[in-house]
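File shown: run_20.txt. Contents: compact mmCIF, C-alpha atoms and all ligand atoms.
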# COMPACT_ATOMS: atom_id res chain seq x y z
CA MET A 1000 -24.93 5.49 15.29
CA LYS A 1001 -21.91 6.98 13.54
CA VAL A 1002 -18.27 5.78 13.55
CA THR A 1003 -15.23 7.42 11.95
CA ALA A 1004 -11.92 5.62 11.43
CA LYS A 1005 -8.60 6.71 10.00
CA ALA A 1006 -6.05 4.38 8.37
CA PRO A 1007 -2.63 5.24 6.96
CA ILE A 1008 -1.15 3.97 3.73
CA ASN A 1009 1.90 1.73 3.83
CA ILE A 1010 4.72 1.39 1.33
CA ALA A 1011 6.37 -1.99 0.96
CA LEU A 1012 10.16 -2.20 1.02
CA ILE A 1013 9.95 -5.90 0.21
CA LYS A 1014 6.85 -6.19 -1.94
CA TYR A 1015 3.93 -8.59 -2.00
CA TRP A 1016 3.24 -9.70 -5.54
CA GLY A 1017 1.09 -12.80 -6.00
CA LYS A 1018 -1.48 -14.78 -4.03
CA GLN A 1019 -1.42 -18.44 -3.11
CA PRO A 1020 -4.53 -20.30 -4.30
CA SER A 1021 -6.29 -20.15 -0.94
CA ALA A 1022 -9.51 -18.36 0.03
CA ASP A 1023 -7.92 -16.47 2.92
CA ILE A 1024 -5.47 -14.36 0.80
CA LYS A 1025 -1.99 -15.58 1.57
CA PRO A 1026 0.96 -14.08 -0.33
CA TYR A 1027 3.50 -16.22 -2.18
CA ASN A 1028 6.31 -14.17 -0.64
CA ASP A 1029 6.91 -12.32 2.62
CA SER A 1030 6.60 -8.54 2.47
CA ILE A 1031 7.87 -5.77 4.76
CA SER A 1032 6.42 -2.26 4.77
CA LEU A 1033 6.63 1.12 6.45
CA THR A 1034 3.45 2.93 7.55
CA LEU A 1035 3.25 6.59 6.47
CA ASP A 1036 1.82 9.42 8.52
CA ALA A 1037 0.98 12.04 5.87
CA LEU A 1038 -1.20 9.89 3.60
CA TYR A 1039 -4.36 8.23 4.88
CA THR A 1040 -8.06 7.57 4.42
CA ILE A 1041 -10.80 8.73 6.77
CA THR A 1042 -14.05 6.78 6.58
CA THR A 1043 -17.35 7.36 8.35
CA VAL A 1044 -20.09 4.72 8.52
CA GLU A 1045 -23.55 5.54 9.81
CA THR A 1046 -27.11 4.35 9.61
CA HIS A 1047 -28.62 5.53 6.32
CA PRO A 1048 -31.45 7.99 7.05
CA GLU A 1049 -33.62 6.44 4.31
CA GLY A 1050 -32.68 2.81 4.96
CA LEU A 1051 -30.60 2.62 1.77
CA PHE A 1052 -26.96 1.77 0.99
CA SER A 1053 -24.67 4.47 -0.32
CA TYR A 1054 -20.93 4.92 -0.71
CA ARG A 1055 -19.36 8.30 -1.29
CA LEU A 1056 -15.62 8.59 -2.00
CA ASN A 1057 -13.88 11.95 -2.22
CA ASP A 1058 -17.23 13.78 -2.41
CA ARG A 1059 -18.42 11.62 -5.32
CA LEU A 1060 -21.29 9.12 -5.10
CA ILE A 1061 -19.89 5.76 -6.23
CA LEU A 1062 -22.03 3.63 -8.56
CA GLY A 1063 -21.54 0.66 -10.90
CA ASN A 1064 -18.71 -1.88 -10.48
CA ASP A 1065 -16.96 0.01 -7.70
CA LEU A 1066 -20.16 0.05 -5.66
CA THR A 1067 -20.77 -3.66 -6.37
CA ARG A 1068 -17.26 -4.46 -5.13
CA ILE A 1069 -17.91 -2.73 -1.78
CA TRP A 1070 -21.42 -4.22 -1.53
CA TYR A 1071 -20.02 -7.73 -2.07
CA PHE A 1072 -17.26 -7.13 0.52
CA LEU A 1073 -19.83 -6.04 3.11
CA GLN A 1074 -22.31 -8.81 2.29
CA THR A 1075 -19.60 -11.46 2.58
CA TYR A 1076 -17.71 -10.37 5.70
CA PHE A 1077 -20.22 -8.44 7.78
CA PRO A 1078 -23.19 -10.70 8.65
CA LYS A 1079 -25.06 -7.84 10.35
CA PHE A 1080 -24.90 -5.84 7.11
CA LYS A 1081 -26.21 -8.85 5.21
CA ALA A 1082 -29.16 -9.04 7.62
CA ASN A 1083 -29.88 -5.31 7.28
CA PRO A 1084 -28.05 -3.68 4.35
CA SER A 1085 -28.75 -0.08 5.28
CA LEU A 1086 -25.61 1.97 5.59
CA LYS A 1087 -24.15 5.31 4.55
CA ILE A 1088 -20.39 5.21 3.94
CA THR A 1089 -18.42 8.39 3.37
CA ALA A 1090 -14.70 8.04 2.64
CA LYS A 1091 -12.02 10.58 1.86
CA ASN A 1092 -8.57 9.68 0.61
CA HIS A 1093 -5.91 12.14 1.70
CA VAL A 1094 -3.82 10.65 -1.11
CA PRO A 1095 -4.36 10.54 -4.92
CA THR A 1096 -6.75 7.63 -5.51
CA ALA A 1097 -5.49 4.56 -7.45
CA ALA A 1098 -2.17 6.05 -8.53
CA GLY A 1099 0.01 3.35 -7.02
CA LEU A 1100 -0.04 5.19 -3.71
CA ALA A 1101 -1.80 2.40 -1.83
CA SER A 1102 -5.13 4.21 -1.38
CA SER A 1103 -6.87 0.82 -1.51
CA ALA A 1104 -4.79 -0.31 1.51
CA SER A 1105 -5.75 2.69 3.63
CA GLY A 1106 -9.30 2.57 2.25
CA PHE A 1107 -10.02 -1.04 3.17
CA ALA A 1108 -8.25 -0.72 6.53
CA ALA A 1109 -10.31 2.37 7.51
CA LEU A 1110 -13.56 0.84 6.24
CA THR A 1111 -12.98 -2.46 8.04
CA LEU A 1112 -12.15 -0.81 11.36
CA ALA A 1113 -15.14 1.57 11.14
CA LEU A 1114 -17.48 -1.33 10.34
CA ALA A 1115 -16.05 -3.54 13.09
CA ARG A 1116 -16.80 -0.82 15.64
CA TYR A 1117 -20.24 -0.10 14.10
CA TYR A 1118 -21.27 -3.78 14.16
CA LYS A 1119 -19.52 -4.45 17.52
CA MET A 1120 -17.14 -7.06 16.12
CA SER A 1121 -13.59 -7.95 17.19
CA GLU A 1122 -11.11 -5.08 16.70
CA THR A 1123 -7.85 -6.96 17.18
CA PRO A 1124 -5.46 -6.09 14.33
CA GLU A 1125 -5.28 -9.82 13.44
CA ASP A 1126 -9.07 -10.14 13.05
CA LEU A 1127 -9.38 -6.82 11.20
CA ALA A 1128 -6.53 -7.76 8.84
CA LYS A 1129 -8.20 -11.09 8.00
CA ILE A 1130 -11.24 -9.21 6.70
CA ALA A 1131 -9.54 -6.16 5.14
CA LYS A 1132 -7.08 -8.22 3.07
CA GLN A 1133 -10.04 -9.72 1.19
CA GLY A 1134 -10.54 -6.24 -0.26
CA SER A 1135 -6.86 -5.32 -0.55
CA GLY A 1136 -4.04 -7.64 0.48
CA SER A 1137 -1.66 -4.88 1.51
CA SER A 1138 -4.32 -3.25 3.74
CA ALA A 1139 -3.47 -5.95 6.31
CA ARG A 1140 -0.22 -4.06 6.98
CA SER A 1141 -2.04 -0.74 7.66
CA PHE A 1142 -3.27 -1.95 11.07
CA TYR A 1143 0.23 -1.48 12.50
CA GLY A 1144 2.71 1.39 12.57
CA GLY A 1145 6.43 1.43 11.78
CA TYR A 1146 7.93 -1.60 10.05
CA VAL A 1147 5.36 -4.33 9.42
CA SER A 1148 5.80 -7.83 8.03
CA TRP A 1149 3.20 -10.00 6.31
CA LYS A 1150 4.35 -13.56 5.81
CA THR A 1151 3.41 -16.45 3.55
CA ASP A 1152 1.78 -18.27 6.49
CA GLY A 1153 -0.61 -15.31 6.85
CA THR A 1154 0.94 -13.78 9.98
CA ILE A 1155 1.15 -9.99 10.20
CA ALA A 1156 3.33 -8.32 12.83
CA LYS A 1157 5.12 -5.15 13.72
CA ILE A 1158 8.92 -5.43 13.42
CA PRO A 1159 10.71 -3.45 16.12
CA GLY A 1160 13.01 -0.88 14.52
CA ASP A 1161 14.02 2.77 14.59
CA THR A 1162 11.89 4.80 12.17
CA ASP A 1163 12.22 8.26 13.78
CA THR A 1164 14.54 9.73 11.16
CA LEU A 1165 13.13 7.92 8.12
CA CYS A 1166 10.93 9.59 5.54
CA PHE A 1167 9.61 9.30 2.01
CA VAL A 1168 9.66 11.82 -0.80
CA ILE A 1169 7.01 10.83 -3.32
CA VAL A 1170 7.50 12.16 -6.83
CA LEU A 1171 4.07 12.45 -8.43
CA VAL A 1172 4.58 11.47 -12.02
CA ASP A 1173 0.92 10.76 -12.69
CA ALA A 1174 -2.10 11.02 -10.37
CA ASN A 1175 -4.46 9.20 -12.75
CA GLU A 1176 -6.06 5.80 -12.16
CA LYS A 1177 -3.76 2.84 -12.78
CA TYR A 1178 -4.43 1.02 -16.05
CA LEU A 1179 -4.59 -2.48 -14.58
CA SER A 1180 -5.68 -3.50 -11.08
CA SER A 1181 -3.06 -5.08 -8.81
CA ARG A 1182 -5.32 -8.09 -8.45
CA GLU A 1183 -5.40 -8.76 -12.22
CA ALA A 1184 -1.72 -7.90 -12.63
CA MET A 1185 -0.68 -10.32 -9.87
CA LYS A 1186 -2.79 -13.12 -11.35
CA ARG A 1187 -1.22 -12.59 -14.75
CA THR A 1188 2.30 -12.45 -13.33
CA VAL A 1189 1.87 -15.69 -11.34
CA ALA A 1190 0.34 -17.47 -14.34
CA THR A 1191 2.65 -16.31 -17.11
CA ALA A 1192 5.91 -14.69 -15.93
CA HIS A 1193 8.64 -17.26 -16.60
CA SER A 1194 10.82 -15.84 -13.79
CA TYR A 1195 8.11 -15.73 -11.11
CA HIS A 1196 9.61 -18.60 -9.07
CA THR A 1197 12.97 -16.76 -9.01
CA TYR A 1198 11.16 -13.64 -7.80
CA VAL A 1199 9.61 -15.58 -4.90
CA LYS A 1200 12.92 -17.22 -3.93
CA GLU A 1201 14.81 -13.95 -4.12
CA SER A 1202 12.10 -12.10 -2.14
CA GLN A 1203 12.35 -14.58 0.73
CA LYS A 1204 16.11 -14.09 0.86
CA LYS A 1205 15.77 -10.30 0.72
CA ALA A 1206 13.05 -10.29 3.42
CA LEU A 1207 15.40 -12.12 5.80
CA ASN A 1208 18.23 -9.72 4.98
CA MET A 1209 15.86 -6.79 5.47
CA GLU A 1210 14.83 -8.03 8.93
CA LYS A 1211 18.50 -8.24 9.86
CA ALA A 1212 19.24 -4.75 8.48
CA ILE A 1213 16.27 -3.34 10.45
CA ALA A 1214 17.52 -5.01 13.64
CA ASP A 1215 21.01 -3.58 12.98
CA ASN A 1216 19.55 -0.14 12.07
CA ASP A 1217 21.68 -0.33 8.92
CA PHE A 1218 20.00 2.24 6.67
CA SER A 1219 22.28 1.78 3.64
CA THR A 1220 21.39 -1.92 3.49
CA ILE A 1221 17.69 -1.20 4.09
CA GLY A 1222 17.77 1.27 1.20
CA ARG A 1223 19.71 -0.93 -1.22
CA LEU A 1224 17.42 -3.91 -0.54
CA THR A 1225 14.37 -1.68 -1.03
CA GLU A 1226 15.49 -0.41 -4.41
CA THR A 1227 16.74 -3.74 -5.77
CA HIS A 1228 13.58 -5.52 -4.67
CA ALA A 1229 11.29 -2.97 -6.34
CA ARG A 1230 13.29 -3.18 -9.56
CA HIS A 1231 13.11 -6.98 -9.46
CA MET A 1232 9.32 -6.94 -8.97
CA HIS A 1233 8.87 -4.65 -11.98
CA GLU A 1234 11.22 -6.75 -14.14
CA THR A 1235 9.25 -9.85 -13.16
CA MET A 1236 5.90 -8.37 -14.14
CA SER A 1237 7.30 -7.05 -17.39
CA SER A 1238 8.09 -10.67 -18.31
CA ALA A 1239 4.38 -11.61 -17.98
CA MET A 1240 2.27 -12.16 -21.10
CA PRO A 1241 1.07 -9.63 -22.08
CA PRO A 1242 3.78 -7.65 -20.24
CA ILE A 1243 2.75 -5.40 -17.34
CA GLN A 1244 4.40 -1.99 -17.37
CA TYR A 1245 3.44 0.35 -14.57
CA LEU A 1246 6.64 2.33 -14.98
CA THR A 1247 6.61 5.00 -17.67
CA ASN A 1248 9.40 6.98 -19.31
CA GLU A 1249 8.70 9.68 -16.72
CA SER A 1250 9.23 7.17 -13.88
CA ARG A 1251 12.53 6.09 -15.46
CA LYS A 1252 13.68 9.70 -15.67
CA VAL A 1253 13.07 10.07 -11.93
CA LEU A 1254 15.04 6.85 -11.32
CA ASP A 1255 17.94 8.39 -13.26
CA VAL A 1256 17.80 11.46 -11.00
CA VAL A 1257 17.83 9.21 -7.92
CA ALA A 1258 20.91 7.43 -9.32
CA LYS A 1259 22.62 10.83 -9.67
CA MET A 1260 21.79 11.63 -6.04
CA GLN A 1261 23.34 8.32 -4.99
CA ASP A 1262 26.48 9.15 -7.01
CA GLN A 1263 26.81 12.29 -4.90
CA GLY A 1264 26.57 10.34 -1.64
CA ILE A 1265 22.94 11.19 -0.86
CA LYS A 1266 21.19 8.26 0.80
CA ALA A 1267 18.11 8.13 -1.40
CA TYR A 1268 16.54 4.85 -2.55
CA ALA A 1269 13.69 4.47 -5.00
CA THR A 1270 10.71 2.15 -4.82
CA MET A 1271 7.71 1.87 -7.14
CA ASP A 1272 4.38 0.05 -6.82
CA ALA A 1273 1.41 -0.62 -9.09
CA GLY A 1274 1.65 2.80 -10.70
CA SER A 1275 4.18 5.16 -12.20
CA ASN A 1276 4.96 7.30 -9.15
CA VAL A 1277 8.39 6.99 -7.58
CA LYS A 1278 8.79 6.94 -3.80
CA ILE A 1279 12.19 7.84 -2.42
CA LEU A 1280 13.12 6.38 0.96
CA THR A 1281 15.59 8.58 2.80
CA LYS A 1282 16.56 10.09 6.14
CA THR A 1283 15.41 13.52 7.30
CA ASN A 1284 18.96 14.95 7.14
CA HIS A 1285 19.00 14.32 3.35
CA LEU A 1286 15.60 15.92 2.70
CA ASP A 1287 16.87 19.39 1.74
CA ASP A 1288 19.44 17.98 -0.70
CA ILE A 1289 16.86 15.70 -2.29
CA GLN A 1290 14.28 18.45 -2.70
CA THR A 1291 16.88 20.77 -4.23
CA PHE A 1292 17.99 18.00 -6.60
CA LEU A 1293 14.42 17.27 -7.68
CA HIS A 1294 13.52 20.95 -8.09
CA ASN A 1295 16.62 21.47 -10.23
CA HIS A 1296 15.45 18.64 -12.48
CA GLY A 1297 11.97 20.15 -12.81
CA TYR A 1298 10.10 18.01 -10.25
CA ARG A 1299 7.91 20.18 -8.07
CA ASP A 1300 4.96 17.86 -7.43
CA LEU A 1301 6.31 16.18 -4.30
CA ILE A 1302 4.65 14.66 -1.25
CA LEU A 1303 6.75 14.34 1.90
CA SER A 1304 5.88 11.93 4.67
CA LYS A 1305 7.43 10.72 7.87
CA ILE A 1306 6.69 7.29 9.31
CA SER A 1307 3.66 6.73 11.53
CA ASN A 1308 4.16 4.59 14.58
CA LYS A 1309 0.49 3.70 14.72
CA GLY A 1310 -1.84 1.95 12.33
CA ALA A 1311 -5.59 2.32 11.80
CA GLU A 1312 -7.49 4.03 14.62
CA ILE A 1313 -11.00 5.10 15.57
CA LEU A 1314 -11.38 8.88 15.54
CA GLU A 1315 -14.89 9.14 16.97
C1 LIG B 1401 2.70 -4.19 -1.89
N1 LIG B 1401 1.33 -3.86 -3.97
O1 LIG B 1401 3.34 -5.02 -1.23
C2 LIG B 1401 2.50 -4.47 -3.37
C3 LIG B 1401 3.65 -3.97 -4.19
C4 LIG B 1401 1.66 -3.07 -5.13
C5 LIG B 1401 3.07 -3.39 -5.45
O2 LIG B 1401 -0.08 -4.80 -2.55
O3 LIG B 1401 -4.53 -7.67 -5.21
O4 LIG B 1401 -4.58 -3.74 -2.90
O5 LIG B 1401 -6.04 -6.25 -3.85
O6 LIG B 1401 -4.38 -7.70 -2.73
O7 LIG B 1401 -2.75 -5.06 -1.84
C6 LIG B 1401 -1.09 -3.76 -4.38
O8 LIG B 1401 -2.31 -3.55 -3.79
O9 LIG B 1401 -3.60 -5.71 -4.08
C7 LIG B 1401 0.08 -4.17 -3.57
P1 LIG B 1401 -4.68 -6.88 -3.94
P2 LIG B 1401 -3.34 -4.53 -3.08
O10 LIG B 1401 2.29 -3.13 -1.39
Please rewrite the model in this file as C-alpha cells.
Ligand code: 2P0
Amino acid sequence: MKVTAKAPINIALIKYWGKQPSADIKPYNDSISLTLDALYTITTVETHPEGLFSYRLNDRLILGNDLTRIWYFLQTYFPKFKANPSLKITAKNHVPTAAGLASSASGFAALTLALARYYKMSETPEDLAKIAKQGSGSSARSFYGGYVSWKTDGTIAKIPGDTDTLCFVIVLVDANEKYLSSREAMKRTVATAHSYHTYVKESQKKALNMEKAIADNDFSTIGRLTETHARHMHETMSSAMPPIQYLTNESRKVLDVVAKMQDQGIKAYATMDAGSNVKILTKTNHLDDIQTFLHNHGYRDLILSKISNKGAEILE
C-alpha cells in the first residue's frame, strides 16, 4: 500500500511562542495564522520492500538524530507502526528546509495525514492535529486553510475571513538551517526571559484585536498587528539568557526597506519567525510596487505566495 499527502506551510500573524507544561502541547498564548499555497511538503508512505524503516527527505537518506526523532514520533503515536515498524517514508519540501519557513509544520502535517490514511486511523483535522503537534506545534494549523486560530485550551479552528487578495512576499535572507530549534528556543524564553509574562498578556490582547480586524476585513489593522506582534516576539526572545537572535543584520536591512515602503503608502507588513527570513504580508495590488522596491534595493531572491483555502490533503 502507498499513500501520498500534501500539506501547506502556515505563517503566524499572531505567533505561538512557548508551551504550557502539559503532555498534549498547549501554547501559552493564542496564535492566528494564514495557510500558504506556494510552499508545501509532499510525503509518501509505503510498505518497505525489505521490511526495514527508512526516511528520505529532499532526496537524501536521513540518519542519526533526525531519524531517531521521526522513529520516536511514529513509535509513540502510531500503534500499528510500533507493532510492525516497516515503512518507507519519502518527503519533499517545496520550501527551504529549516530556514524559519515552517517546513516542520508542513512536514509533520503531511506525514501525519499520510500515516493516518495508511494505518486507517481517524482523519478529522482535530485528531490529526493532536498527533502532528507533538512533532511540531504549529503543524496543527496546517490542517486548515485561510485564517486559522490555535488557542491556549488546545482548540484549533478556521476563522472565516476574506483572504482572496492577500499574499506574502518572502525575502530569502538565508536558506541555511536555523542555529537553534524552536523547541529549545521556546523553552529558554519561557524559563529565562524576564518579559515573557508581558508577551503572553499582550499576545492575548492582540489575538482578540486580530479576530476583530479579520471579521471587519480591516487590512491595515491586520498588517499593523502582524508586524508589531512579530517584533514583540523577537524582542522577548532576545531578553532570554543567553539571548536568542534569529534576526540578523540582513533581516534588519529588509525591515528598513519595508519601513520605507510604508512611508510611501504601500501596505506591506513584515513578520519573522524562527529564522532570519522576512515575510511581507500584503495585498495583490501592491505586489508590483513591492517587487520593484525590493529589486531596487538588491533583493532578488523572493518567493511569492497567495493564501490557500485548504489545509493538508491526500493526493493519492
Ligand atoms: C509560529 N513558530 O506560531 C511560531 C512563531 C516560529 C515563530 O511555531 O517547538 O515546529 O516544535 O512546537 O511549531 C515554530 O515551529 O515549534 C513556531 P515546536 P514549531 O508559527
- Could you report the residues within 6 Å of ligand LIG 1401 (chain B), using all atoms listed in the file, as an NGL selection string? :A and (1010-1011 or 1014-1016 or 1103-1104 or 1134-1137 or 1181-1182 or 1272-1273)
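Counting all atoms listed in the file and comparing A:Pro1084, A:Pro1241, A:Gly1144, A:Gly1274, the residue that lies closest to Lys1177 of chain A is A:Gly1274.
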Review point. When distances are computed from all atoms listed in the file, which of A:Lys1081, A:Lys1305, A:Lys1087, A:Arg1055 shows the smallest separation from Leu1038 of chain A?
Key: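 Once distances to Leu1038 of chain A are computed over all atoms listed in the file, the minimum belongs to A:Lys1305.
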Counting only C-alpha atoms, which residues of segment 1089-1171 of chain A fall within 12 Å of segment 1222-1228 of chain A, and what is the closest atom pair for each with its distance in Å at one decimal, ordered by chain and rising number, as CSV?
residue,atom,partner,partner_atom,distance
A:Leu1165,CA,A:Gly1222,CA,10.7
A:Cys1166,CA,A:Gly1222,CA,11.6
A:Phe1167,CA,A:Gly1222,CA,11.5
Across A:Ile1130, A:Val1094, A:Leu1066, A:Ala1113, the smallest distance to Ala1004 of chain A, with all atoms listed in the file counted, is shown by A:Ala1113
Name all residues at most 7 Å from Met1209 of chain A (count all atoms listed in the file; drop same-chain ones fewer than 4 positions away) and give them as a PDB file with C-alpha atoms, in the frame of the given file.
ATOM      1  CA  LYS A1205      15.770 -10.300   0.720  1.00  0.00           C
ATOM      2  CA  ILE A1213      16.270  -3.340  10.450  1.00  0.00           C
ATOM      3  CA  ILE A1221      17.690  -1.200   4.090  1.00  0.00           C
ATOM      4  CA  LEU A1224      17.420  -3.910  -0.540  1.00  0.00           C
TER       5      LEU A1224
END
Next item on the list: Just give me the gap between atom CA of Leu1171 of chain A and atom CA of Lys1252 of chain A in Å, one decimal is fine.
Entry: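 Taking atom CA of Leu1171 of chain A as the start and atom CA of Lys1252 of chain A as the end point, the length is 12.3 Å.
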Please complete segment 1119-1149 of chain A with N, CA and C atoms and give it back as a short mmCIF file (atom, residue, chain, number, x, y, z; two decimals), in the frame of the given file.
data_model
loop_
_atom_site.label_atom_id
_atom_site.label_comp_id
_atom_site.auth_asym_id
_atom_site.auth_seq_id
_atom_site.Cartn_x
_atom_site.Cartn_y
_atom_site.Cartn_z
N LYS A 1119 -19.99 -3.87 16.25
CA LYS A 1119 -19.52 -4.45 17.52
C LYS A 1119 -18.84 -5.80 17.32
N MET A 1120 -17.90 -5.84 16.38
CA MET A 1120 -17.14 -7.06 16.12
C MET A 1120 -15.75 -6.92 16.75
N SER A 1121 -14.94 -7.99 16.63
CA SER A 1121 -13.59 -7.95 17.19
C SER A 1121 -12.77 -6.85 16.50
N GLU A 1122 -11.97 -6.14 17.27
CA GLU A 1122 -11.11 -5.08 16.70
C GLU A 1122 -9.64 -5.39 16.88
N THR A 1123 -9.29 -6.67 17.10
CA THR A 1123 -7.85 -6.96 17.18
C THR A 1123 -7.27 -6.78 15.77
N PRO A 1124 -6.03 -6.29 15.66
CA PRO A 1124 -5.46 -6.09 14.33
C PRO A 1124 -5.48 -7.38 13.50
N GLU A 1125 -5.29 -8.53 14.17
CA GLU A 1125 -5.28 -9.82 13.44
C GLU A 1125 -6.65 -10.07 12.79
N ASP A 1126 -7.73 -9.87 13.58
CA ASP A 1126 -9.07 -10.14 13.05
C ASP A 1126 -9.46 -9.11 11.98
N LEU A 1127 -9.07 -7.86 12.20
CA LEU A 1127 -9.38 -6.82 11.20
C LEU A 1127 -8.63 -7.11 9.90
N ALA A 1128 -7.36 -7.49 10.03
CA ALA A 1128 -6.53 -7.76 8.84
C ALA A 1128 -7.10 -8.91 8.02
N LYS A 1129 -7.62 -9.93 8.71
CA LYS A 1129 -8.20 -11.09 8.00
C LYS A 1129 -9.32 -10.66 7.07
N ILE A 1130 -10.12 -9.69 7.53
CA ILE A 1130 -11.24 -9.21 6.70
C ILE A 1130 -10.73 -8.23 5.64
N ALA A 1131 -9.95 -7.23 6.06
CA ALA A 1131 -9.54 -6.16 5.14
C ALA A 1131 -8.76 -6.70 3.94
N LYS A 1132 -7.93 -7.73 4.18
CA LYS A 1132 -7.08 -8.22 3.07
C LYS A 1132 -7.91 -8.87 1.96
N GLN A 1133 -9.18 -9.20 2.25
CA GLN A 1133 -10.04 -9.72 1.19
C GLN A 1133 -10.34 -8.61 0.17
N GLY A 1134 -10.32 -7.37 0.64
CA GLY A 1134 -10.54 -6.24 -0.26
C GLY A 1134 -9.24 -5.76 -0.88
N SER A 1135 -8.17 -5.76 -0.09
CA SER A 1135 -6.86 -5.32 -0.55
C SER A 1135 -5.82 -6.00 0.33
N GLY A 1136 -5.02 -6.85 -0.29
CA GLY A 1136 -4.04 -7.64 0.48
C GLY A 1136 -3.17 -6.77 1.36
N SER A 1137 -2.62 -5.70 0.77
CA SER A 1137 -1.66 -4.88 1.51
C SER A 1137 -2.31 -4.08 2.64
N SER A 1138 -3.65 -3.99 2.66
CA SER A 1138 -4.32 -3.25 3.74
C SER A 1138 -4.05 -3.93 5.09
N ALA A 1139 -3.75 -5.22 5.07
CA ALA A 1139 -3.47 -5.95 6.31
C ALA A 1139 -2.32 -5.27 7.07
N ARG A 1140 -1.38 -4.68 6.33
CA ARG A 1140 -0.22 -4.06 6.98
C ARG A 1140 -0.55 -2.69 7.56
N SER A 1141 -1.69 -2.09 7.19
CA SER A 1141 -2.04 -0.74 7.66
C SER A 1141 -2.65 -0.74 9.06
N PHE A 1142 -2.76 -1.92 9.69
CA PHE A 1142 -3.27 -1.95 11.07
C PHE A 1142 -2.15 -1.78 12.10
N TYR A 1143 -0.91 -1.67 11.61
CA TYR A 1143 0.23 -1.48 12.50
C TYR A 1143 1.04 -0.27 12.03
N GLY A 1144 1.82 0.31 12.95
CA GLY A 1144 2.71 1.39 12.57
C GLY A 1144 4.14 0.89 12.40
N GLY A 1145 5.01 1.76 11.92
CA GLY A 1145 6.43 1.43 11.78
C GLY A 1145 6.68 0.38 10.71
N TYR A 1146 7.66 -0.48 10.97
CA TYR A 1146 7.93 -1.60 10.05
C TYR A 1146 6.92 -2.71 10.32
N VAL A 1147 6.36 -3.27 9.25
CA VAL A 1147 5.36 -4.33 9.42
C VAL A 1147 5.67 -5.47 8.45
N SER A 1148 5.58 -6.70 8.94
CA SER A 1148 5.80 -7.83 8.03
C SER A 1148 4.51 -8.62 7.84
N TRP A 1149 4.33 -9.13 6.63
CA TRP A 1149 3.20 -10.00 6.31
C TRP A 1149 3.81 -11.22 5.64
#
